[in-house]
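File shown here: upload30.pdb, holding PDB, C-alpha atoms.
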```pdb
ATOM      1  CA  MET A 730      24.778  39.209 130.581
ATOM      2  CA  TYR A 731      25.638  35.568 131.214
ATOM      3  CA  GLU A 732      29.296  36.173 130.307
ATOM      4  CA  LYS A 733      29.514  39.129 132.712
ATOM      5  CA  LYS A 734      28.102  37.023 135.567
ATOM      6  CA  LYS A 735      30.516  34.228 134.704
ATOM      7  CA  LYS A 736      33.502  36.602 134.703
ATOM      8  CA  SER A 737      32.366  38.062 138.026
ATOM      9  CA  ALA A 738      32.005  34.579 139.522
ATOM     10  CA  ASP A 739      35.435  33.560 138.202
ATOM     11  CA  ARG A 740      36.922  36.718 139.698
ATOM     12  CA  ILE A 741      35.378  35.934 143.095
ATOM     13  CA  VAL A 742      36.624  32.337 142.954
ATOM     14  CA  CYS A 743      40.116  33.505 141.963
ATOM     15  CA  ARG A 744      40.141  36.071 144.776
ATOM     16  CA  GLY A 745      39.058  33.423 147.272
ATOM     17  CA  LYS A 746      41.716  31.028 146.027
ATOM     18  CA  LYS A 747      44.450  33.673 146.388
ATOM     19  CA  LYS A 748      43.223  34.471 149.897
ATOM     20  CA  ARG A 749      43.372  30.800 150.918
ATOM     21  CA  GLU A 750      46.872  30.482 149.414
ATOM     22  CA  SER A 751      48.016  33.573 151.321
ATOM     23  CA  GLN A 752      46.594  32.227 154.567
ATOM     24  CA  THR A 753      48.331  28.884 153.984
ATOM     25  CA  ALA A 754      51.613  30.640 153.253
ATOM     26  CA  TYR A 755      51.400  32.736 156.439
ATOM     27  CA  LEU A 756      50.520  29.597 158.419
ATOM     28  CA  MET A 757      53.612  27.842 157.056
ATOM     29  CA  LEU A 758      55.752  30.857 157.918
ATOM     30  CA  CYS A 759      54.524  31.075 161.509
ATOM     31  CA  PRO A 760      56.996  28.558 163.047
ATOM     32  CA  ALA A 761      59.991  30.174 161.333
ATOM     33  CA  LEU A 762      58.729  33.666 162.196
ATOM     34  CA  ALA A 763      58.182  32.683 165.833
ATOM     35  CA  GLY A 764      61.686  31.228 166.007
ATOM     36  CA  PHE A 765      63.142  34.391 164.472
ATOM     37  CA  LEU A 766      61.318  36.663 166.928
ATOM     38  CA  ILE A 767      62.250  34.574 169.983
ATOM     39  CA  PHE A 768      65.879  33.800 169.162
ATOM     40  CA  THR A 769      66.833  36.863 167.060
ATOM     41  CA  GLY A 770      64.320  39.678 167.551
ATOM     42  CA  VAL A 771      64.231  39.584 171.363
ATOM     43  CA  PRO A 772      68.054  39.410 171.760
ATOM     44  CA  ILE A 773      68.466  42.363 169.385
ATOM     45  CA  LEU A 774      65.942  44.358 171.430
ATOM     46  CA  ALA A 775      67.743  43.376 174.649
ATOM     47  CA  LEU A 776      71.031  44.409 173.052
ATOM     48  CA  PHE A 777      69.892  47.991 172.516
ATOM     49  CA  ILE A 778      68.348  48.172 175.997
ATOM     50  CA  LEU A 779      71.542  46.901 177.661
ATOM     51  CA  SER A 780      73.546  49.541 175.771
ATOM     52  CA  PHE A 781      72.196  52.076 178.286
ATOM     53  CA  MET A 782      72.757  49.852 181.301
ATOM     54  CA  LYS A 783      75.592  49.015 183.677
ATOM     55  CA  TYR A 784      75.329  45.254 183.986
ATOM     56  CA  ASP A 785      77.882  42.719 185.245
ATOM     57  CA  ILE A 786      75.650  39.597 185.029
ATOM     58  CA  ILE A 787      75.796  39.073 188.815
ATOM     59  CA  SER A 788      73.872  42.148 189.980
ATOM     60  CA  ALA A 789      70.756  43.741 188.523
ATOM     61  CA  PRO A 790      71.255  46.118 185.568
ATOM     62  CA  ILE A 791      71.423  49.825 186.419
ATOM     63  CA  PHE A 792      70.543  52.595 183.957
ATOM     64  CA  CYS A 793      73.679  54.655 183.221
ATOM     65  CA  GLY A 794      72.564  56.866 180.327
ATOM     66  CA  LEU A 795      75.193  57.480 177.653
ATOM     67  CA  ARG A 796      78.145  56.225 179.730
ATOM     68  CA  ASN A 797      78.755  53.181 177.538
ATOM     69  CA  ILE A 798      78.477  55.202 174.337
ATOM     70  CA  LYS A 799      81.004  57.754 175.647
ATOM     71  CA  HIS A 800      83.331  54.887 176.502
ATOM     72  CA  PHE A 801      82.889  53.592 172.945
ATOM     73  CA  PHE A 802      84.220  56.842 171.446
ATOM     74  CA  ASN A 803      87.087  57.054 173.968
ATOM     75  CA  ASP A 804      88.225  53.414 173.719
ATOM     76  CA  HIS A 805      91.796  53.477 172.370
ATOM     77  CA  THR A 806      91.799  49.725 171.661
ATOM     78  CA  LEU A 807      88.755  49.880 169.383
ATOM     79  CA  PRO A 808      90.433  51.417 166.267
ATOM     80  CA  LYS A 809      93.075  48.671 166.299
ATOM     81  CA  VAL A 810      90.419  45.988 166.753
ATOM     82  CA  TYR A 811      88.304  47.263 163.866
ATOM     83  CA  PHE A 812      91.405  47.684 161.724
ATOM     84  CA  ASN A 813      92.253  44.014 162.311
ATOM     85  CA  THR A 814      88.675  43.011 161.511
ATOM     86  CA  PHE A 815      88.649  44.785 158.159
ATOM     87  CA  LYS A 816      92.165  43.581 157.442
ATOM     88  CA  PHE A 817      90.947  40.012 157.775
ATOM     89  CA  ALA A 818      87.956  40.820 155.569
ATOM     90  CA  VAL A 819      90.135  42.375 152.845
ATOM     91  CA  PHE A 820      92.202  39.190 152.655
ATOM     92  CA  LEU A 821      89.510  36.572 153.179
ATOM     93  CA  ILE A 822      86.646  37.840 150.993
ATOM     94  CA  PRO A 823      88.519  37.775 147.641
ATOM     95  CA  LEU A 824      90.419  34.619 148.592
ATOM     96  CA  HIS A 825      87.289  32.660 149.506
ATOM     97  CA  ILE A 826      85.339  33.821 146.464
ATOM     98  CA  CYS A 827      88.128  33.558 143.857
ATOM     99  CA  TRP A 828      89.584  30.255 145.066
ATOM    100  CA  GLY A 829      86.103  28.867 145.650
ATOM    101  CA  MET A 830      85.166  29.772 142.077
ATOM    102  CA  LEU A 831      88.401  28.343 140.662
ATOM    103  CA  LEU A 832      88.014  25.064 142.552
ATOM    104  CA  ALA A 833      84.337  24.802 141.630
ATOM    105  CA  TYR A 834      85.057  25.350 137.949
ATOM    106  CA  CYS A 835      87.958  22.884 137.858
ATOM    107  CA  VAL A 836      86.055  20.159 139.737
ATOM    108  CA  SER A 837      82.968  20.635 137.539
ATOM    109  CA  ARG A 838      85.085  19.711 134.499
ATOM    110  CA  MET A 839      86.182  16.357 135.975
ATOM    111  CA  ASN A 840      84.455  13.004 135.599
ATOM    112  CA  ARG A 841      81.876  11.860 138.146
ATOM    113  CA  LYS A 842      84.096   9.683 140.341
ATOM    114  CA  VAL A 843      86.875  12.265 140.584
ATOM    115  CA  GLN A 844      84.263  14.973 141.233
ATOM    116  CA  TYR A 845      82.917  13.024 144.205
ATOM    117  CA  LEU A 846      86.405  12.572 145.662
ATOM    118  CA  CYS A 847      87.376  16.235 145.179
ATOM    119  CA  ARG A 848      84.081  17.519 146.591
ATOM    120  CA  THR A 849      84.599  15.420 149.701
ATOM    121  CA  ILE A 850      88.212  16.547 150.183
ATOM    122  CA  ILE A 851      87.432  20.250 149.711
ATOM    123  CA  TYR A 852      84.212  20.392 151.753
ATOM    124  CA  PHE A 853      85.229  18.046 154.582
ATOM    125  CA  PRO A 854      87.144  20.704 156.640
ATOM    126  CA  ALA A 855      83.994  22.873 156.733
ATOM    127  CA  ILE A 856      82.047  20.242 158.681
ATOM    128  CA  VAL A 857      84.831  19.411 161.144
ATOM    129  CA  THR A 858      84.672  21.131 164.535
ATOM    130  CA  THR A 859      86.773  24.298 164.421
ATOM    131  CA  ALA A 860      88.180  23.791 167.926
ATOM    132  CA  SER A 861      89.634  20.362 167.129
ATOM    133  CA  VAL A 862      91.393  21.355 163.911
ATOM    134  CA  ALA A 863      92.535  24.690 165.397
ATOM    135  CA  ILE A 864      94.471  22.806 168.085
ATOM    136  CA  ALA A 865      96.165  20.723 165.393
ATOM    137  CA  TRP A 866      96.990  23.805 163.337
ATOM    138  CA  ALA A 867      98.407  25.579 166.399
ATOM    139  CA  TYR A 868     100.912  22.716 166.744
ATOM    140  CA  MET A 869     101.637  22.859 163.023
ATOM    141  CA  TYR A 870     102.386  26.592 163.397
ATOM    142  CA  SER A 871     104.815  26.001 166.302
ATOM    143  CA  THR A 872     108.083  27.830 165.703
ATOM    144  CA  ASP A 873     110.345  24.989 166.873
ATOM    145  CA  LEU A 874     108.282  21.811 166.409
ATOM    146  CA  GLY A 875     105.731  22.769 163.753
ATOM    147  CA  VAL A 876     105.346  21.000 160.421
ATOM    148  CA  PHE A 877     105.438  24.235 158.427
ATOM    149  CA  ASN A 878     108.734  25.402 159.898
ATOM    150  CA  TYR A 879     110.156  21.905 159.512
ATOM    151  CA  PHE A 880     109.762  22.083 155.730
ATOM    152  CA  LEU A 881     110.631  25.789 155.561
ATOM    153  CA  GLY A 882     113.763  25.010 157.548
ATOM    154  CA  LYS A 883     114.951  22.835 154.663
ATOM    155  CA  ILE A 884     115.473  26.035 152.686
ATOM    156  CA  GLY A 885     116.781  27.998 155.658
ATOM    157  CA  ILE A 886     113.578  29.848 156.614
ATOM    158  CA  THR A 887     111.907  29.989 160.045
ATOM    159  CA  VAL A 888     108.614  31.863 160.432
ATOM    160  CA  PRO A 889     107.345  32.904 163.917
ATOM    161  CA  TRP A 890     103.724  32.236 162.937
ATOM    162  CA  LEU A 891     102.046  32.751 166.311
ATOM    163  CA  THR A 892     104.633  34.822 168.178
ATOM    164  CA  SER A 893     104.998  37.704 165.731
ATOM    165  CA  SER A 894     102.462  40.466 165.147
ATOM    166  CA  LYS A 895     103.591  40.475 161.519
ATOM    167  CA  TRP A 896     102.684  36.823 160.908
ATOM    168  CA  SER A 897      99.657  36.283 163.165
ATOM    169  CA  ILE A 898      97.120  37.544 160.597
ATOM    170  CA  PRO A 899      98.608  35.550 157.645
ATOM    171  CA  ALA A 900      98.581  32.428 159.849
ATOM    172  CA  ILE A 901      94.869  32.856 160.631
ATOM    173  CA  VAL A 902      94.039  33.703 157.006
ATOM    174  CA  ILE A 903      95.695  30.475 155.790
ATOM    175  CA  PHE A 904      93.812  28.422 158.381
ATOM    176  CA  SER A 905      90.488  30.119 157.634
ATOM    177  CA  LEU A 906      90.949  29.605 153.906
ATOM    178  CA  TRP A 907      91.583  25.881 154.422
ATOM    179  CA  LYS A 908      88.739  25.506 156.926
ATOM    180  CA  PHE A 909      85.901  27.429 155.289
ATOM    181  CA  ILE A 910      86.576  27.593 151.551
ATOM    182  CA  GLY A 911      84.480  24.440 151.150
ATOM    183  CA  THR A 912      81.274  26.398 151.813
ATOM    184  CA  ALA A 913      81.855  28.900 148.998
ATOM    185  CA  PHE A 914      83.101  26.079 146.774
ATOM    186  CA  LEU A 915      79.952  23.990 147.288
ATOM    187  CA  TYR A 916      77.510  26.790 146.425
ATOM    188  CA  LEU A 917      79.465  27.819 143.342
ATOM    189  CA  PHE A 918      79.933  24.210 142.247
ATOM    190  CA  VAL A 919      76.171  23.638 142.389
ATOM    191  CA  GLY A 920      75.635  26.851 140.429
ATOM    192  CA  ILE A 921      78.089  25.853 137.702
ATOM    193  CA  GLN A 922      76.500  22.400 137.507
ATOM    194  CA  GLY A 923      73.176  24.122 136.833
ATOM    195  CA  VAL A 924      74.417  26.023 133.769
ATOM    196  CA  PRO A 925      72.707  24.600 130.647
ATOM    197  CA  VAL A 926      75.181  22.547 128.615
ATOM    198  CA  GLU A 927      73.570  23.791 125.402
ATOM    199  CA  LEU A 928      74.729  27.353 126.057
ATOM    200  CA  GLU A 929      78.343  26.316 126.602
ATOM    201  CA  GLU A 930      78.272  24.125 123.491
ATOM    202  CA  ALA A 931      76.804  26.994 121.464
ATOM    203  CA  ALA A 932      79.623  29.275 122.673
ATOM    204  CA  LYS A 933      82.229  26.690 121.632
ATOM    205  CA  ILE A 934      80.608  26.346 118.196
ATOM    206  CA  ASP A 935      80.854  30.136 117.840
ATOM    207  CA  GLY A 936      84.602  29.881 118.449
ATOM    208  CA  ALA A 937      84.787  30.890 122.137
ATOM    209  CA  ASN A 938      87.657  29.410 124.136
ATOM    210  CA  ALA A 939      87.349  28.155 127.740
ATOM    211  CA  ARG A 940      88.089  31.567 129.283
ATOM    212  CA  GLN A 941      85.578  33.389 127.069
ATOM    213  CA  THR A 942      82.940  30.721 127.692
ATOM    214  CA  PHE A 943      83.386  31.075 131.451
ATOM    215  CA  PHE A 944      83.269  34.893 131.597
ATOM    216  CA  HIS A 945      80.530  35.397 128.984
ATOM    217  CA  VAL A 946      78.288  32.366 129.588
ATOM    218  CA  THR A 947      78.941  30.581 132.887
ATOM    219  CA  GLN A 948      79.740  33.531 135.139
ATOM    220  CA  PRO A 949      76.735  35.727 134.153
ATOM    221  CA  ILE A 950      74.335  32.820 134.760
ATOM    222  CA  ILE A 951      75.633  32.041 138.259
ATOM    223  CA  THR A 952      75.731  35.702 139.419
ATOM    224  CA  PRO A 953      72.760  35.196 141.808
ATOM    225  CA  ILE A 954      74.651  32.414 143.583
ATOM    226  CA  LEU A 955      77.866  34.454 143.450
ATOM    227  CA  PHE A 956      75.976  37.346 145.037
ATOM    228  CA  PHE A 957      74.718  35.079 147.843
ATOM    229  CA  VAL A 958      78.251  33.757 148.438
ATOM    230  CA  THR A 959      79.585  37.332 148.544
ATOM    231  CA  ILE A 960      76.968  38.415 151.098
ATOM    232  CA  THR A 961      77.595  35.448 153.399
ATOM    233  CA  THR A 962      81.386  35.687 153.039
ATOM    234  CA  VAL A 963      81.405  39.389 153.934
ATOM    235  CA  ILE A 964      79.247  38.776 157.009
ATOM    236  CA  SER A 965      81.279  35.779 158.218
ATOM    237  CA  SER A 966      84.594  37.607 157.639
ATOM    238  CA  VAL A 967      83.533  40.692 159.589
ATOM    239  CA  GLN A 968      82.169  38.470 162.383
ATOM    240  CA  MET A 969      85.316  36.319 162.592
ATOM    241  CA  PHE A 970      85.724  34.874 166.082
ATOM    242  CA  ASP A 971      86.714  31.189 166.171
ATOM    243  CA  GLU A 972      90.017  31.444 164.339
ATOM    244  CA  PRO A 973      91.718  34.201 166.372
ATOM    245  CA  TYR A 974      90.198  32.948 169.622
ATOM    246  CA  LEU A 975      91.431  29.383 169.203
ATOM    247  CA  ILE A 976      94.782  29.939 167.456
ATOM    248  CA  THR A 977      96.254  33.214 168.748
ATOM    249  CA  ALA A 978      93.775  34.382 171.440
ATOM    250  CA  GLY A 979      93.933  37.788 169.750
ATOM    251  CA  GLY A 980      97.679  38.098 170.173
ATOM    252  CA  PRO A 981     100.486  38.783 170.148
ATOM    253  CA  GLY A 982      99.247  41.943 171.845
ATOM    254  CA  ASP A 983      96.212  43.098 169.870
ATOM    255  CA  SER A 984      97.632  42.134 166.476
ATOM    256  CA  SER A 985      94.917  39.581 165.627
ATOM    257  CA  ARG A 986      92.101  40.647 167.968
ATOM    258  CA  THR A 987      88.826  41.102 166.055
ATOM    259  CA  ILE A 988      85.725  43.005 167.095
ATOM    260  CA  SER A 989      83.819  39.758 167.827
ATOM    261  CA  LEU A 990      86.636  38.543 170.079
ATOM    262  CA  TYR A 991      86.759  41.959 171.773
ATOM    263  CA  ILE A 992      82.995  41.801 172.420
ATOM    264  CA  TYR A 993      83.416  38.356 173.984
ATOM    265  CA  GLU A 994      86.235  39.558 176.228
ATOM    266  CA  LYS A 995      84.290  42.582 177.435
ATOM    267  CA  ALA A 996      81.126  40.562 178.054
ATOM    268  CA  PHE A 997      82.432  37.329 179.594
ATOM    269  CA  ARG A 998      85.851  38.230 180.960
ATOM    270  CA  ALA A 999      85.444  41.845 182.067
ATOM    271  CA  TYR A1000      81.698  41.253 182.767
ATOM    272  CA  ASP A1001      80.818  44.617 181.245
ATOM    273  CA  MET A1002      77.674  43.574 179.390
ATOM    274  CA  GLY A1003      76.560  47.145 178.816
ATOM    275  CA  TYR A1004      79.680  48.168 176.913
ATOM    276  CA  ALA A1005      79.768  44.802 175.112
ATOM    277  CA  SER A1006      76.218  45.537 173.919
ATOM    278  CA  VAL A1007      77.354  48.873 172.479
ATOM    279  CA  LEU A1008      80.188  47.106 170.646
ATOM    280  CA  ALA A1009      77.776  44.484 169.340
ATOM    281  CA  ALA A1010      75.374  47.204 168.186
ATOM    282  CA  SER A1011      78.196  48.916 166.282
ATOM    283  CA  LEU A1012      79.046  45.624 164.569
ATOM    284  CA  PHE A1013      75.362  45.098 163.754
ATOM    285  CA  PHE A1014      75.112  48.495 162.040
ATOM    286  CA  ILE A1015      78.366  47.984 160.109
ATOM    287  CA  ILE A1016      77.181  44.620 158.766
ATOM    288  CA  LEU A1017      73.786  46.141 157.942
ATOM    289  CA  ILE A1018      75.400  49.002 155.994
ATOM    290  CA  LEU A1019      77.734  46.644 154.106
ATOM    291  CA  THR A1020      74.803  44.372 153.212
ATOM    292  CA  LEU A1021      72.633  47.268 152.017
ATOM    293  CA  ILE A1022      75.496  48.573 149.865
ATOM    294  CA  GLN A1023      75.897  45.156 148.272
ATOM    295  CA  PHE A1024      72.172  44.922 147.550
ATOM    296  CA  LYS A1025      72.271  48.437 146.093
ATOM    297  CA  ILE A1026      75.069  47.698 143.635
ATOM    298  CA  SER A1027      73.860  44.171 142.850
ATOM    299  CA  ASN A1028      71.506  45.552 140.189
ATOM    300  CA  LYS A1029      74.561  46.447 138.102
ATOM    301  CA  TRP A1030      76.078  42.966 137.936
ATOM    302  CA  VAL A1031      73.613  40.313 139.143
ATOM    303  CA  ASN A1032      71.603  38.731 136.334
ATOM    304  CA  TYR A1033      68.326  37.000 137.225
ATOM    305  CA  ASP A1034      67.210  36.491 133.600
ATOM    306  CA  ASN A1035      68.674  33.142 132.707
TER
END
```
Starting from the file, give its structure as structure tokens.
Amino acid sequence: MYEKKKKSADRIVCRGKKKRESQTAYLMLCPALAGFLIFTGVPILALFILSFMKYDIISAPIFCGLRNIKHFFNDHTLPKVYFNTFKFAVFLIPLHICWGMLLAYCVSRMNRKVQYLCRTIIYFPAIVTTASVAIAWAYMYSTDLGVFNYFLGKIGITVPWLTSSKWSIPAIVIFSLWKFIGTAFLYLFVGIQGVPVELEEAAKIDGANARQTFFHVTQPIITPILFFVTITTVISSVQMFDEPYLITAGGPGDSSRTISLYIYEKAFRAYDMGYASVLAASLFFIILILTLIQFKISNKWVNYDN
């Protein structure tokens, strides 16, 4: 009888403790949740409301029904813009992930002092203002006075980096790779640093070479971090704005115009906030679908049992 009462009392105490912990957790989450609702939730709600409005910022919004959505399906520029967006993503996603992984693995095998130097060199461009370095790169890409064409001219080659629709996307991809690869590198470097040394040593004792050790020991352990890097890289690539805006302004023609740049132009140059909201909603749903697909297939390759 005494044991039953004791178990019941312990159960009540445990339940009360869990309740207090839950209340504390929700209290800690309140500031972040409030910030999310104010700065993310409300704008998203306004986005879908404005999709049914004719709004030029100056005058009051007017309900226009499905006019903006009809315009969306009849916009002849939109297929080219989305094609450019996915073209950038196809180049940038594997480049950022593969080169980030390669750099992270190579730097992790260096001694401490060299590691510090390499980490600084690789990550430094990511913290520099994009506008400032984009201006410098635009001069470097100059057909007549640029650094790249100066050295290419030594072997008789001149590339119209910013004046040719053929070379505008490669020029932006090279700049983006230099500017933002440090972010993927840093996450993957931290992940590789967290791999237990004992496992790698055990693999070497079993006769595994460096390649086998990486693919069968290191890579499976850092798959959660690799998954996070993949998610963020996909989102940032599809949302690309700074690079084409600052280097090519979407040109020549529409050759490097992305959906984010097109949204900006419709909203703040054409002052068609209603149609810009429809474009933004389409981008939102595309990113949502891509993210859900990645989460769906992550069960097949992401390993959380370290």
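Proximity to Gly980 in chain A was assessed for A:Trp866, A:Trp896, A:Phe801, A:Phe792 counting all atoms listed in the file; the smallest distance is recorded for A:Trp896.
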Nearest to Leu776 in chain A: which of A:Phe853, A:Trp890, A:Phe1013, A:Phe1024 is it, counting only C-alpha atoms?
A:Phe1013
Expressed in Å, the length from CA of Tyr784 in chain A to CA of Ala999 in chain A is 10.8 Å
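For the choices A:Ile976, A:Cys793, A:Ile1026, A:Leu807, the atom-to-atom distance to Ser905 in chain A is smallest for A:Ile976 when using only C-alpha atoms.
Nearest residue to Ala913 in chain A, choosing from A:Trp1030, A:Phe812, A:Tyr1000, A:Phe957 and counting only C-alpha atoms: A:Phe957.
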Extract, using only C-alpha atoms, all DNA, RNA and protein residues at most 12 Å from Lys783 in chain A, discarding same-chain residues fewer than 4 positions from it, and format them as a PyMOL selection string.
chain A and resi 778-779+787-798+996+1000-1007
Report as JSON the centre and the edge lengths, in Å to one decimal, of the axis-aligned box holding every listed atom of range 809-824 of chain A, padded by 4 Å on each side.
```
{"center_x": 89.9, "center_y": 41.6, "center_z": 157.2, "size_x": 14.4, "size_y": 22.1, "size_z": 27.1}
```
Reference answer for the PyMOL selection byres ((chain A and resi 914) around 8), as a ChimeraX atom specification
/A:828-830,832-833,851-852,910-913,915-918
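Considering only C-alpha atoms, the residue among A:Ala818, A:Asn938, A:Ala855, A:Phe781 positioned nearest to Leu1019 in chain A is A:Ala818.
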